[in-house]
$ cat upload10.cif   # mmCIF, C-alpha atoms and all ligand atoms
data_my_file
loop_
_atom_site.label_atom_id
_atom_site.label_comp_id
_atom_site.auth_asym_id
_atom_site.auth_seq_id
_atom_site.Cartn_x
_atom_site.Cartn_y
_atom_site.Cartn_z
CA MET A 115 73.26 160.24 78.79
CA THR A 116 72.69 163.99 78.56
CA PRO A 117 70.64 165.77 81.23
CA SER A 118 66.98 166.61 80.64
CA SER A 119 66.47 170.13 79.45
CA ALA A 120 66.46 172.87 82.07
CA ILE A 121 63.05 174.05 83.17
CA TYR A 122 63.96 177.52 84.38
CA PRO A 123 63.16 180.34 82.01
CA PRO A 124 65.86 182.98 81.91
CA HIS A 125 63.68 185.95 82.78
CA ALA A 126 62.95 187.20 86.27
CA ALA A 127 60.18 185.93 88.50
CA ASP A 128 58.40 189.27 88.71
CA SER A 129 57.44 188.95 85.07
CA TRP A 130 56.29 185.34 85.37
CA ARG A 131 52.68 184.84 84.36
CA ALA A 132 52.27 181.59 86.26
CA TRP A 133 54.56 179.55 88.41
CA LEU A 134 54.87 176.93 91.06
CA ASP A 135 56.23 177.87 94.46
CA VAL A 136 57.92 174.76 95.85
CA ASP A 137 58.45 175.05 99.58
CA VAL A 138 61.68 173.14 100.03
CA ALA A 139 61.75 173.89 103.74
CA ALA A 140 58.45 172.02 103.99
CA VAL A 141 59.94 169.10 102.02
CA ARG A 142 62.81 169.01 104.49
CA ARG A 143 60.47 169.06 107.48
CA ASN A 144 58.28 166.41 105.86
CA ALA A 145 61.30 164.16 105.33
CA ALA A 146 62.32 164.53 108.97
CA ARG A 147 58.73 163.84 110.00
CA LEU A 148 58.49 160.71 107.83
CA ARG A 149 61.85 159.53 109.12
CA ALA A 150 60.55 159.89 112.69
CA VAL A 151 57.29 158.07 111.88
CA ALA A 152 59.11 155.29 110.03
CA GLY A 153 61.80 154.83 112.67
CA VAL A 154 64.18 153.71 109.89
CA PRO A 155 66.15 155.51 107.15
CA LEU A 156 64.31 156.56 104.01
CA VAL A 157 64.60 155.94 100.33
CA ALA A 158 63.21 159.34 99.29
CA MET A 159 61.25 158.79 96.08
CA VAL A 160 62.15 161.65 93.75
CA LYS A 161 60.96 160.04 90.50
CA ALA A 162 58.89 161.95 87.94
CA ASP A 163 60.86 165.12 88.68
CA GLY A 164 60.16 164.90 92.39
CA TYR A 165 56.43 164.31 91.74
CA GLY A 166 56.41 167.46 89.66
CA THR A 167 58.06 169.63 92.31
CA GLY A 168 61.60 169.59 90.90
CA MET A 169 63.88 166.63 91.61
CA LEU A 170 67.13 168.53 91.96
CA GLU A 171 65.72 171.22 94.23
CA VAL A 172 64.13 168.57 96.43
CA VAL A 173 67.33 166.56 96.62
CA ARG A 174 69.35 169.64 97.53
CA ALA A 175 66.81 170.50 100.20
CA LEU A 176 67.01 167.04 101.72
CA GLY A 177 70.61 167.38 102.76
CA THR A 178 73.88 165.66 102.12
CA PRO A 179 73.36 163.38 99.14
CA TRP A 180 75.65 165.77 97.28
CA GLN A 181 78.39 164.35 99.49
CA GLU A 182 79.42 160.79 100.13
CA LEU A 183 76.84 158.64 101.81
CA PRO A 184 76.31 156.69 104.03
CA ALA A 185 76.67 159.69 106.37
CA VAL A 186 73.02 159.93 107.31
CA ASP A 187 73.59 162.90 109.56
CA ALA A 188 70.55 165.17 109.33
CA PRO A 189 67.05 163.98 110.21
CA SER A 190 65.90 164.80 106.69
CA THR A 191 68.80 163.13 104.90
CA PRO A 192 67.65 160.02 103.06
CA TRP A 193 69.60 156.79 102.89
CA ALA A 194 69.02 156.78 99.15
CA LEU A 195 67.09 158.54 96.41
CA GLY A 196 64.43 156.55 94.58
CA VAL A 197 64.04 156.96 90.81
CA ALA A 198 62.15 155.12 88.09
CA THR A 199 64.35 155.69 85.04
CA LEU A 200 68.04 155.88 84.20
CA GLN A 201 67.47 159.37 82.78
CA GLU A 202 66.48 160.48 86.28
CA ALA A 203 69.64 158.88 87.67
CA ALA A 204 71.70 160.55 84.93
CA ASP A 205 70.18 163.93 85.82
CA LEU A 206 71.20 163.42 89.45
CA ARG A 207 74.74 162.44 88.49
CA ALA A 208 75.05 165.33 86.02
CA ALA A 209 74.09 167.67 88.85
CA GLY A 210 76.90 166.23 90.94
CA SER A 211 75.01 163.94 93.28
CA THR A 212 76.99 161.04 94.66
CA ALA A 213 74.00 159.72 96.61
CA ARG A 214 72.86 156.13 96.45
CA VAL A 215 70.25 155.97 93.71
CA LEU A 216 67.79 153.11 93.80
CA CYS A 217 65.89 152.51 90.57
CA THR A 218 62.74 150.63 91.53
CA THR A 219 61.38 149.78 88.07
CA PRO A 220 62.72 146.78 86.12
CA LEU A 221 65.53 147.68 83.74
CA MET A 222 65.80 146.13 80.31
CA ALA A 223 68.93 144.06 79.68
CA SER A 224 70.01 146.73 77.20
CA GLU A 225 70.09 149.31 80.02
CA LEU A 226 72.28 147.42 82.47
CA ALA A 227 75.64 148.71 81.20
CA GLU A 228 74.40 152.30 81.48
CA ALA A 229 73.13 151.58 85.00
CA VAL A 230 76.58 150.31 85.98
CA ALA A 231 78.18 153.45 84.55
CA LEU A 232 75.76 155.65 86.51
CA GLN A 233 76.40 153.66 89.70
CA VAL A 234 72.71 152.99 90.08
CA THR A 235 71.37 150.41 92.51
CA PRO A 236 68.89 148.56 90.29
CA ALA A 237 65.91 146.42 91.16
CA LEU A 238 66.53 143.03 89.57
CA HIS A 239 64.73 139.69 89.61
CA ARG A 240 65.48 137.81 86.38
CA PRO A 241 68.38 135.37 86.80
CA ASP A 242 69.91 136.33 83.44
CA ASP A 243 69.90 140.00 84.38
CA ILE A 244 71.35 139.31 87.82
CA ARG A 245 74.23 137.33 86.33
CA ARG A 246 74.78 139.94 83.63
CA TRP A 247 74.80 142.70 86.27
CA HIS A 248 77.64 140.95 88.07
CA THR A 249 79.52 140.19 84.83
CA LEU A 250 79.33 143.89 83.94
CA GLY A 251 80.85 144.75 87.31
CA GLY A 252 77.66 146.24 88.76
CA GLY A 253 77.53 147.07 92.46
CA ALA A 254 74.75 146.70 94.98
CA TRP A 255 71.30 145.71 93.71
CA HIS A 256 67.94 144.96 95.31
CA LEU A 257 65.73 141.96 94.65
CA SER A 258 62.22 142.97 93.65
CA ILE A 259 59.38 140.70 94.76
CA ASP A 260 55.82 140.96 93.45
CA THR A 261 53.36 140.14 96.21
CA GLY A 262 50.19 141.11 94.38
CA MET A 263 50.74 144.40 92.59
CA ALA A 264 51.39 142.31 89.44
CA ARG A 265 53.57 145.00 87.94
CA ALA A 266 57.22 144.18 88.51
CA GLY A 267 59.48 141.69 90.25
CA ALA A 268 59.52 137.95 90.90
CA ARG A 269 56.23 136.42 92.02
CA TRP A 270 56.36 135.65 95.73
CA ASP A 271 55.46 131.99 95.15
CA THR A 272 58.14 131.42 92.48
CA VAL A 273 61.22 132.75 94.28
CA ASP A 274 62.43 129.18 94.86
CA ALA A 275 63.70 129.30 91.28
CA LEU A 276 66.10 132.09 92.28
CA GLN A 277 67.99 130.06 94.90
CA ASP A 278 70.89 129.04 92.68
CA THR A 279 71.42 132.51 91.28
CA LEU A 280 71.23 134.19 94.68
CA ARG A 281 73.65 131.74 96.26
CA THR A 282 76.43 133.15 94.08
CA HIS A 283 75.05 136.65 93.45
CA ALA A 284 73.79 138.25 96.65
CA PRO A 285 71.54 141.32 96.68
CA GLU A 286 72.02 144.18 99.11
CA GLY A 287 68.28 144.54 99.65
CA VAL A 288 64.93 142.94 98.97
CA PHE A 289 61.62 144.72 98.61
CA THR A 290 57.99 144.59 97.64
CA HIS A 291 55.32 147.23 96.96
CA PHE A 292 51.74 147.49 98.27
CA HIS A 293 48.85 148.07 95.90
CA SER A 294 46.22 149.38 98.35
CA ALA A 295 47.91 150.54 101.52
CA ASP A 296 45.63 153.60 101.42
CA LEU A 297 42.43 151.54 101.39
CA PRO A 298 40.68 150.14 104.46
CA ASN A 299 41.03 146.46 103.59
CA ASP A 300 43.38 143.65 104.61
CA SER A 301 45.32 143.49 101.33
CA ARG A 302 48.43 144.93 102.96
CA GLU A 303 48.49 142.13 105.52
CA THR A 304 48.07 139.58 102.72
CA GLN A 305 50.99 141.09 100.83
CA GLU A 306 53.10 141.17 104.01
CA GLN A 307 52.47 137.46 104.55
CA ARG A 308 53.45 136.68 100.96
CA PHE A 309 56.60 138.80 101.32
CA ASP A 310 57.50 137.01 104.57
CA ALA A 311 56.91 133.64 102.91
CA ALA A 312 59.23 134.59 100.04
CA LEU A 313 61.89 135.77 102.49
CA ALA A 314 61.59 132.51 104.42
CA THR A 315 62.01 130.52 101.21
CA LEU A 316 65.18 132.43 100.43
CA ALA A 317 66.49 132.65 104.00
CA ALA A 318 69.38 130.27 103.36
CA VAL A 319 70.69 132.19 100.35
CA LEU A 320 70.10 135.82 101.31
CA PRO A 321 72.78 137.65 103.32
CA ALA A 322 71.99 137.89 107.04
CA ASP A 323 72.27 141.69 106.89
CA ILE A 324 70.02 142.12 103.85
CA LEU A 325 67.99 145.33 103.82
CA VAL A 326 64.26 144.58 103.73
CA HIS A 327 61.78 147.27 102.71
CA SER A 328 58.20 147.64 101.60
CA ASP A 329 56.50 150.80 102.81
CA ASN A 330 55.23 153.66 100.68
CA SER A 331 53.67 156.74 102.31
CA ALA A 332 50.25 155.17 102.77
CA ALA A 333 51.69 152.06 104.44
CA LEU A 334 53.62 154.28 106.88
CA ALA A 335 50.44 156.20 107.63
CA ALA A 336 48.42 153.04 108.13
CA ARG A 337 50.92 151.25 110.33
CA GLY A 338 52.43 154.27 112.11
CA ARG A 339 55.95 152.85 111.70
CA ALA A 340 57.95 151.06 109.04
CA ARG A 341 58.23 147.36 108.52
CA GLY A 342 61.80 146.32 107.72
CA HIS A 343 65.00 148.34 107.55
CA LEU A 344 64.07 151.15 105.16
CA ALA A 345 60.92 152.94 103.99
CA ARG A 346 60.20 154.41 100.55
CA PRO A 347 57.82 157.37 100.88
CA GLY A 348 57.11 159.55 97.87
CA ILE A 349 53.90 161.53 97.95
CA GLY A 350 54.18 162.15 101.71
CA LEU A 351 57.39 164.12 101.13
CA TYR A 352 55.37 166.43 98.91
CA GLY A 353 52.67 166.87 101.53
CA ALA A 354 49.78 165.04 99.91
CA VAL A 355 47.53 161.95 100.10
CA VAL A 356 48.03 160.95 103.71
CA ALA A 357 49.06 164.38 104.88
CA ALA A 358 46.92 164.53 108.00
CA ALA A 359 47.77 161.00 109.16
CA LEU A 360 51.49 161.57 108.64
CA GLY A 361 51.57 165.15 109.90
CA VAL A 362 53.20 166.51 106.74
CA GLU A 363 52.81 170.02 105.30
CA PRO A 364 51.81 171.20 101.83
CA VAL A 365 54.77 171.83 99.55
CA VAL A 366 53.26 173.08 96.30
CA HIS A 367 51.63 176.47 95.69
CA LEU A 368 50.42 177.07 92.14
CA ARG A 369 50.19 180.78 91.27
CA ALA A 370 48.92 182.61 88.19
CA ARG A 371 48.61 186.29 87.48
CA VAL A 372 45.49 188.09 86.39
CA ILE A 373 46.07 189.10 82.76
CA ASP A 374 42.63 190.50 81.92
CA VAL A 375 39.49 191.67 83.72
CA ARG A 376 36.02 192.28 82.20
CA GLU A 377 32.38 192.72 82.99
CA VAL A 378 30.00 190.06 81.71
CA ARG A 379 26.27 190.89 81.56
CA HIS A 380 23.31 188.83 82.58
CA GLY A 381 22.90 185.77 80.33
CA GLU A 382 26.29 186.10 78.63
CA SER A 383 28.60 183.09 78.66
CA VAL A 384 32.26 182.53 79.47
CA SER A 385 34.77 180.28 77.65
CA TYR A 386 34.52 177.24 75.34
CA GLY A 387 31.21 175.50 75.06
CA ALA A 388 29.45 178.37 76.85
CA THR A 389 29.11 176.10 79.89
CA TRP A 390 28.64 179.04 82.28
CA GLN A 391 26.29 181.99 82.01
CA ALA A 392 26.25 185.08 84.15
CA THR A 393 23.35 185.72 86.49
CA GLY A 394 23.30 189.47 86.70
CA THR A 395 26.40 191.49 85.90
CA ARG A 396 29.58 189.67 86.95
CA ARG A 397 33.21 190.69 87.06
CA ILE A 398 35.48 188.08 85.46
CA ALA A 399 39.26 187.88 85.89
CA THR A 400 41.37 185.82 83.48
CA VAL A 401 44.47 184.15 84.92
CA ALA A 402 47.44 182.97 82.83
CA LEU A 403 47.16 179.25 83.54
CA GLY A 404 45.28 176.40 81.91
CA HIS A 405 45.30 172.70 81.18
CA GLY A 406 48.51 173.20 79.19
CA ASP A 407 50.09 173.89 82.58
CA GLY A 408 48.50 170.91 84.29
CA TYR A 409 45.51 172.79 85.70
CA ARG A 410 43.01 170.22 84.57
CA GLN A 411 39.80 170.76 82.64
CA ALA A 412 38.07 168.88 85.42
CA PHE A 413 38.22 172.16 87.36
CA SER A 414 35.96 173.89 84.84
CA ASN A 415 33.02 175.46 86.74
CA ARG A 416 34.18 173.58 89.86
CA GLY A 417 37.61 174.72 90.90
CA GLN A 418 38.44 177.51 93.30
CA ALA A 419 41.24 180.00 93.48
CA LEU A 420 42.44 182.29 96.23
CA LEU A 421 42.77 185.96 95.35
CA HIS A 422 43.75 188.55 97.94
CA GLY A 423 43.26 185.70 100.41
CA HIS A 424 39.62 185.09 99.40
CA PRO A 425 38.22 182.00 97.70
CA VAL A 426 36.74 182.76 94.26
CA PRO A 427 35.17 180.24 91.86
CA VAL A 428 36.51 179.08 88.51
CA VAL A 429 33.84 179.81 85.87
CA GLY A 430 33.54 178.30 82.43
CA THR A 431 35.76 175.71 80.82
CA VAL A 432 39.45 175.75 81.73
CA SER A 433 41.24 176.39 78.45
CA MET A 434 44.80 175.50 77.51
CA ASP A 435 46.36 178.79 78.52
CA MET A 436 43.77 180.70 80.52
CA THR A 437 41.25 180.15 83.32
CA MET A 438 38.49 182.53 84.32
CA LEU A 439 37.49 183.46 87.88
CA ASP A 440 34.33 185.17 89.08
CA VAL A 441 35.75 187.98 91.20
CA THR A 442 32.53 189.99 91.56
CA ASP A 443 32.66 189.70 95.35
CA LEU A 444 36.07 191.40 95.40
CA GLN A 445 34.59 194.43 93.63
CA ASP A 446 37.30 196.80 92.41
CA ARG A 447 40.16 195.14 94.22
CA VAL A 448 41.26 192.97 91.30
CA ALA A 449 43.84 194.37 88.87
CA ILE A 450 46.05 193.08 86.08
CA GLY A 451 49.14 191.49 87.61
CA ASP A 452 47.42 190.32 90.79
CA VAL A 453 48.44 186.82 91.83
CA ALA A 454 45.85 184.06 92.19
CA THR A 455 46.62 180.78 93.96
CA LEU A 456 45.00 177.70 92.39
CA VAL A 457 46.65 175.08 94.60
CA GLY A 458 48.19 175.81 97.97
CA ARG A 459 48.18 178.58 100.51
CA ASP A 460 47.32 182.27 100.33
CA GLY A 461 46.95 183.99 103.66
CA ALA A 462 44.81 181.99 106.05
CA HIS A 463 43.32 179.75 103.32
CA CYS A 464 44.88 176.64 101.83
CA LEU A 465 43.59 174.75 98.79
CA SER A 466 45.47 171.53 99.50
CA ALA A 467 46.43 169.32 96.58
CA ASP A 468 44.45 166.54 98.25
CA ALA A 469 41.26 168.57 98.62
CA VAL A 470 41.53 170.06 95.14
CA ALA A 471 42.02 166.63 93.57
CA ALA A 472 39.41 164.87 95.70
CA ASP A 473 36.75 167.43 94.83
CA ARG A 474 36.96 166.36 91.17
CA GLY A 475 37.68 162.67 91.75
CA LEU A 476 41.26 163.12 90.53
CA SER A 477 44.42 161.46 91.75
CA PRO A 478 46.54 163.90 93.78
CA TYR A 479 49.57 162.10 92.32
CA GLU A 480 48.50 162.99 88.78
CA LEU A 481 47.61 166.52 89.80
CA LEU A 482 51.08 167.19 91.27
CA VAL A 483 53.06 165.39 88.58
CA GLY A 484 51.06 167.21 85.87
CA LEU A 485 52.13 170.61 87.15
CA ARG A 486 55.58 170.27 85.61
CA LEU A 487 54.25 170.74 82.07
CA ARG A 488 54.94 174.41 81.43
CA VAL A 489 55.07 176.58 84.52
CA PRO A 490 58.46 177.58 85.88
CA ARG A 491 59.23 176.68 89.46
CA ARG A 492 60.59 178.80 92.23
CA THR A 493 61.89 177.44 95.51
CA VAL A 494 60.68 179.12 98.66
CA GLU A 495 61.43 178.35 102.30
CA SER A 496 58.61 178.74 104.79
CA ALA A 497 59.26 178.96 108.49
CA ALA A 498 58.19 176.01 110.61
CA THR A 499 54.73 176.46 112.10
CA THR A 500 53.63 174.92 115.34
CA ASP A 501 50.60 173.32 113.62
CA ALA A 502 52.77 171.56 111.02
CA GLY A 503 50.56 168.52 111.30
CA ALA A 504 47.49 170.37 110.08
CA GLY A 505 48.86 170.63 106.57
CA ALA A 506 45.97 168.90 104.82
C1 LIG A 601 56.39 155.43 93.68
C2 LIG A 601 56.86 154.34 94.57
C3 LIG A 601 56.93 154.55 95.95
C4 LIG A 601 56.39 155.77 96.65
O1 LIG A 601 54.98 155.67 96.81
P1 LIG A 601 54.12 156.84 97.49
O2 LIG A 601 52.72 156.35 97.42
O3 LIG A 601 54.32 158.04 96.61
O4 LIG A 601 54.61 157.05 98.85
C5 LIG A 601 57.52 153.55 96.71
N1 LIG A 601 57.98 152.40 96.14
C6 LIG A 601 57.89 152.17 94.81
C7 LIG A 601 58.37 150.88 94.27
C8 LIG A 601 57.31 153.12 93.98
O5 LIG A 601 57.18 152.86 92.68
#
$ encode --input "upload10.cif" --output "structure tokens" --more "lines below"
Ligand SMILES: *Cc1c(COP(=O)(O)O)cnc(C)c1O
Amino acid sequence: MTPSSAIYPPHAADSWRAWLDVDVAAVRRNAARLRAVAGVPLVAMVKADGYGTGMLEVVRALGTPWQELPAVDAPSTPWALGVATLQEAADLRAAGSTARVLCTTPLMASELAEAVALQVTPALHRPDDIRRWHTLGGGAWHLSIDTGMARAGARWDTVDALQDTLRTHAPEGVFTHFHSADLPNDSRETQEQRFDAALATLAAVLPADILVHSDNSAALAARGRARGHLARPGIGLYGAVVAAALGVEPVVHLRARVIDVREVRHGESVSYGATWQATGTRRIATVALGHGDGYRQAFSNRGQALLHGHPVPVVGTVSMDMTMLDVTDLQDRVAIGDVATLVGRDGAHCLSADAVAADRGLSPYELLVGLRLRVPRRTVESAATTDAGAGA
């Protein structure tokens, strides 16, 4: 499998029109923080290009997976990296990673040979696949149990049928996934009971030292510690969703330069559909970022940006390549080349991914993952702050 195409444009950052600053020092601190909350080693979920932040940069920031595991020697070093596709695993291997790579989605039978070659730890649950995995010479694998997500794995109340297969083909781990750990209901407890029941059913055939895991970021936040031997946080590493509860910091800062400035007179409109009209004379700055870069049209007339450390409103419809800001309050201070921040921190203000998404009823997951569309990424390293927990 060949690596995915590189995302770094060749030219220098000072001529970039828009970009994503990815604070890898914050990722590292977040991983250490999640590890401390969980109390167990982590499977760091780096799927979907590290939730849009850059899988390889994140993995490098996390520590030693470029060397042989299981030396879990730094507080941020994960036990394994979590991916969703073999392409993601191939990209890690092509970059030289020898880390454990757990692929949590079901593989098709036609993918198993490739997974063996990539030394992936797959999630398996179909007896035919499990036997084939062993015939192909595959290594460690984890048994995936569906306790109510109804997406992947063996149903918790049908695992009896796996006894014969598991007796001769033992998994290294067994896991389930919560569907609503972020919601204030008792569904997580229900899923935990189903998971426990499945484990009890299989107790005689599973190895005594099997690695049990279930927790995503929201489950860690809700419980305040991990259940089982490992935890699988994703979004928490990137500083979103349950940021305040977990004490994690923002990681992503979306920047775009001002590429035009104009005066718009009373009653004149801005952008497609003329959805915004000026009241009085307004000064409008155009920034080089739009929905083609993952800055969603939902932010039309609703979003905010930070410019020279001040919040300014998005006006008119967000177009594919450009977004307009009303910078009247900044008077003459706005010039071509100035840098606006549409997500993240500028000076004392922070437009957190969570707040930005929540304001428009969007998923912060989709917001972050969508930012990998076109903008180049730059890694930055912020210094630790004493109020790291106030990241939201
Ligand atoms: C994506 C994923 C996770 C991580 O979930 P977050 O909500 O991002 O913490 C954990 N486990 C599985 C199986 C996943 O698919």
$ residues_near_ligand --input "upload10.cif" --ligand "ligand LIG 601 (chain A)" --cutoff "8 Å" --atoms "only C-alpha atoms and all ligand atoms" --output "list in words"
Met159, Lys161, Gly196, Ala198, Thr218, Thr219, Thr290, His291, Ser328, Asp329, Asn330, Ser331, Ala332, Arg346, Pro347, Gly348, Ile349, Gly350, Leu351 and Tyr479 of chain A
$ atom_distance --input "upload10.cif" --atom1 "atom CA of A:Val429" --atom2 "atom CA of A:Asn415"
4.5 Å
$ atom_distance --input "upload10.cif" --atom1 "atom CA of A:Leu444" --atom2 "atom CA of A:Val366"
25.1 Å
$ residues_near_point --input "upload10.cif" --point "(59.3, 173.6, 93.8)" --cutoff "12 Å" --atoms "all atoms listed in the file" --output "PyMOL selection string"
chain A and resi 121-122+133-141+163-175+352+364-369+482-483+485-486+489-495
$ closest_atom_pairs --input "upload10.cif" --of "stretch 148-208 of chain A" --to "stretch 319-326 of chain A" --cutoff "12 Å" --atoms "all atoms listed in the file" --output "CSV"
residue,atom,partner,partner_atom,distance
A:Val154,CA,A:Val326,CA,11.0
A:Pro155,CA,A:Leu325,CA,10.9
A:Leu156,CA,A:Leu325,CA,11.8
A:Val157,CA,A:Leu325,CA,11.7
A:Trp193,CA,A:Leu325,CA,11.6
$ closest_residue --input "upload10.cif" --among "A:Val432, A:Ile373, A:Leu176, A:Ala146" --to "A:Arg416" --atoms "all atoms listed in the file"
A:Val432
$ axis_aligned_box --input "upload10.cif" --around "stretch 383-397 of chain A" --padding-each-side "5 Å" --output "lines of an AutoDock Vina configuration file"
center_x = 29.0
center_y = 183.5
center_z = 81.1
size_x = 21.5
size_y = 26.0
size_z = 22.0
$ closest_residue --input "upload10.cif" --among "A:Glu228, A:Glu363, A:Glu382, A:Asp407" --to "A:Ala132" --atoms "all atoms listed in the file"
A:Asp407
$ closest_residue --input "upload10.cif" --among "A:Pro285, A:Gly267, A:Gly430, A:Gly381" --to "A:Arg245" --atoms "all atoms listed in the file"
A:Pro285
$ atom_distance --input "upload10.cif" --atom1 "atom CA of A:Ala158" --atom2 "atom CA of A:Ala209"
17.2 Å
$ residues_around --input "upload10.cif" --residues "A:Val453" --least-positions-apart "2" --cutoff "8 Å" --atoms "all atoms listed in the file" --output "count of residues only"
8
$ residues_around --input "upload10.cif" --residues "stretch 447-450 of chain A" --least-positions-apart "3" --cutoff "12 Å" --atoms "all atoms listed in the file" --output "NGL selection string"
:A and (131 or 370-376 or 397-402 or 420-424 or 426 or 439-444 or 453-454)
$ residues_around --input "upload10.cif" --residues "A:Leu226" --least-positions-apart "3" --cutoff "12 Å" --atoms "all atoms listed in the file" --output "ChimeraX atom specification"
/A:199-200,217,220-223,229-238,242-253,255
$ closest_residue --input "upload10.cif" --among "A:Ala412, A:Ala204, A:Leu334, A:Ala498" --to "A:Arg474" --atoms "all atoms listed in the file"
A:Ala412
$ closest_residue --input "upload10.cif" --among "A:Gly458, A:Gly404, A:Gly417, A:Gly153" --to "A:Asp473" --atoms "all atoms listed in the file"
A:Gly417
$ decode --input "upload10.cif" --residues "stretch 126-141 of chain A" --atoms "N, CA, C and O atoms" --output "CSV table (one decimal), in the first residue's frame"
chain,number,residue,atom,x,y,z
A,126,ALA,N,6.8,28.5,1.7
A,126,ALA,CA,7.1,28.8,3.1
A,126,ALA,C,5.8,29.3,3.8
A,126,ALA,O,4.9,29.9,3.2
A,127,ALA,N,5.8,29.1,5.1
A,127,ALA,CA,4.6,29.5,5.9
A,127,ALA,C,4.3,31.0,5.8
A,127,ALA,O,3.1,31.3,6.0
A,128,ASP,N,5.2,31.8,5.6
A,128,ASP,CA,4.9,33.3,5.7
A,128,ASP,C,4.1,33.7,4.4
A,128,ASP,O,3.6,34.8,4.4
A,129,SER,N,4.0,32.8,3.4
A,129,SER,CA,3.2,33.1,2.3
A,129,SER,C,1.9,32.3,2.3
A,129,SER,O,1.1,32.4,1.4
A,130,TRP,N,1.7,31.6,3.4
A,130,TRP,CA,0.4,30.8,3.5
A,130,TRP,C,-0.8,31.8,3.6
A,130,TRP,O,-0.7,32.7,4.4
A,131,ARG,N,-1.9,31.5,2.9
A,131,ARG,CA,-3.1,32.3,3.0
A,131,ARG,C,-3.9,31.8,4.2
A,131,ARG,O,-4.7,32.6,4.8
A,132,ALA,N,-3.9,30.5,4.5
A,132,ALA,CA,-4.7,30.0,5.6
A,132,ALA,C,-4.0,28.7,6.0
A,132,ALA,O,-3.4,28.0,5.2
A,133,TRP,N,-4.1,28.5,7.3
A,133,TRP,CA,-3.4,27.3,7.8
A,133,TRP,C,-3.9,26.9,9.2
A,133,TRP,O,-4.7,27.6,9.8
A,134,LEU,N,-3.5,25.7,9.6
A,134,LEU,CA,-3.9,25.2,10.9
A,134,LEU,C,-2.7,25.1,11.7
A,134,LEU,O,-1.7,24.4,11.3
A,135,ASP,N,-2.7,25.8,12.8
A,135,ASP,CA,-1.6,25.6,13.8
A,135,ASP,C,-2.0,24.4,14.7
A,135,ASP,O,-3.1,24.4,15.3
A,136,VAL,N,-1.2,23.3,14.7
A,136,VAL,CA,-1.5,22.2,15.6
A,136,VAL,C,-0.5,22.2,16.7
A,136,VAL,O,0.7,22.1,16.5
A,137,ASP,N,-1.0,22.4,17.9
A,137,ASP,CA,-0.1,22.5,19.1
A,137,ASP,C,0.2,21.1,19.6
A,137,ASP,O,-0.5,20.6,20.4
A,138,VAL,N,1.3,20.6,19.1
A,138,VAL,CA,1.7,19.2,19.5
A,138,VAL,C,2.1,19.1,20.9
A,138,VAL,O,2.0,18.0,21.6
A,139,ALA,N,2.6,20.2,21.5
A,139,ALA,CA,2.9,20.2,22.9
A,139,ALA,C,1.6,20.0,23.7
A,139,ALA,O,1.6,19.3,24.8
A,140,ALA,N,0.5,20.6,23.3
A,140,ALA,CA,-0.7,20.5,24.0
A,140,ALA,C,-1.3,19.0,23.8
A,140,ALA,O,-1.8,18.5,24.8
A,141,VAL,N,-1.1,18.4,22.6
A,141,VAL,CA,-1.4,17.0,22.5
A,141,VAL,C,-0.7,16.1,23.5
A,141,VAL,O,-1.3,15.3,24.1
